[in-house]
Amino acid sequence: MINCAVIMGRLVADPELRTTTSGKSVTSFCVAVDRNYVRQGEERQTDFINVVAWRQNADFVTRYFHKGSMIAVQGSIQTRSYEDKTGAKRTAVEIVADSVSFCGSKASDAGQNRFEAPAANAPSYQAGNTASFSTPAAAEEDFGFGSADDDDDGLPF
């Protein structure tokens, strides 16, 4: 079975760090993700996706991200049922983050809303790997993309 979700978008609000009774860090936040397809004459649609990050991921997100920050999240989709204040049964659908990454940095030009391209070596944090950060180059190796000068097969692309 496969349950893998990868999204990239902007935080809707500042994430707030909470701690469970057992001392685990947790944060939940919403990511606004634009849809790729736009019908002619219509505006681009945006989905608002709820994300939960635990332990070191939660600490990382609350420390380095804020409202409007571009973020990439990789994790699994989970559903849970609960009762709201009126006693009605509800279902929550959310991504539980396995890793979170920087995608860009907000320019600090007197409060302007301009965004810069991501740094070539922007770090990301992956759960279970408390001592290391990965870079985009390392991610390419993990997924088998190879290097730019790897031209063994003679393909033109």
# chains A, B, ... in the order shown; residues from 1 in each chain; ligands from 1
call {"tool": "residues_around", "arguments": {"residues": "A:Ile95", "least_positions_apart": "6", "cutoff": "12 Å", "atoms": "only C-alpha atoms", "output": "list of chain:residue names"}}
result
A:Asn3, A:Cys4, A:Ala5, A:Val6, A:Ile7, A:Thr27, A:Ser28, A:Phe29, A:Cys30, A:Val31, A:Phe48, A:Ile49, A:Asn50, A:Val51, A:Val52, A:Ala53, A:Trp54, A:Ala72, A:Val73, A:Gln74, A:Gly75, A:Ser76, A:Ile77, A:Gln78, A:Thr79, A:Arg80
call {"tool": "closest_residue", "arguments": {"among": "A:Ile2, A:Ala58, A:Val38, A:Met8", "to": "A:Lys24", "atoms": "only C-alpha atoms"}}
result
A:Ala58
call {"tool": "atom_distance", "arguments": {"atom1": "atom CA of A:Val33", "atom2": "atom CA of A:Gln45"}}
result
8.7 Å
call {"tool": "select_by_dssp", "arguments": {"residues": "stretch 41-97 of chain A", "states": "strand (DSSP E or B)", "output": "PyMOL selection string"}}
result
chain A and resi 46-54+70-83+89-97
call {"tool": "closest_residue", "arguments": {"among": "A:Val61, A:Ile71, A:Cys103, A:Val96", "to": "A:Arg18", "atoms": "only C-alpha atoms"}}
result
A:Val61
call {"tool": "select_by_dssp", "arguments": {"residues": "stretch 12-118 of chain A", "states": "helix (DSSP H, G or I)", "output": "MDAnalysis selection string"}}
result
chainID A and resid 55:64
call {"tool": "closest_residue", "arguments": {"among": "A:Asn57, A:Glu83, A:Thr21, A:Glu42", "to": "A:Asp98", "atoms": "only C-alpha atoms"}}
result
A:Asn57
call {"tool": "closest_residue", "arguments": {"among": "A:Ala32, A:Met1, A:Ala88, A:Ala13", "to": "A:Phe65", "atoms": "only C-alpha atoms"}}
result
A:Ala13
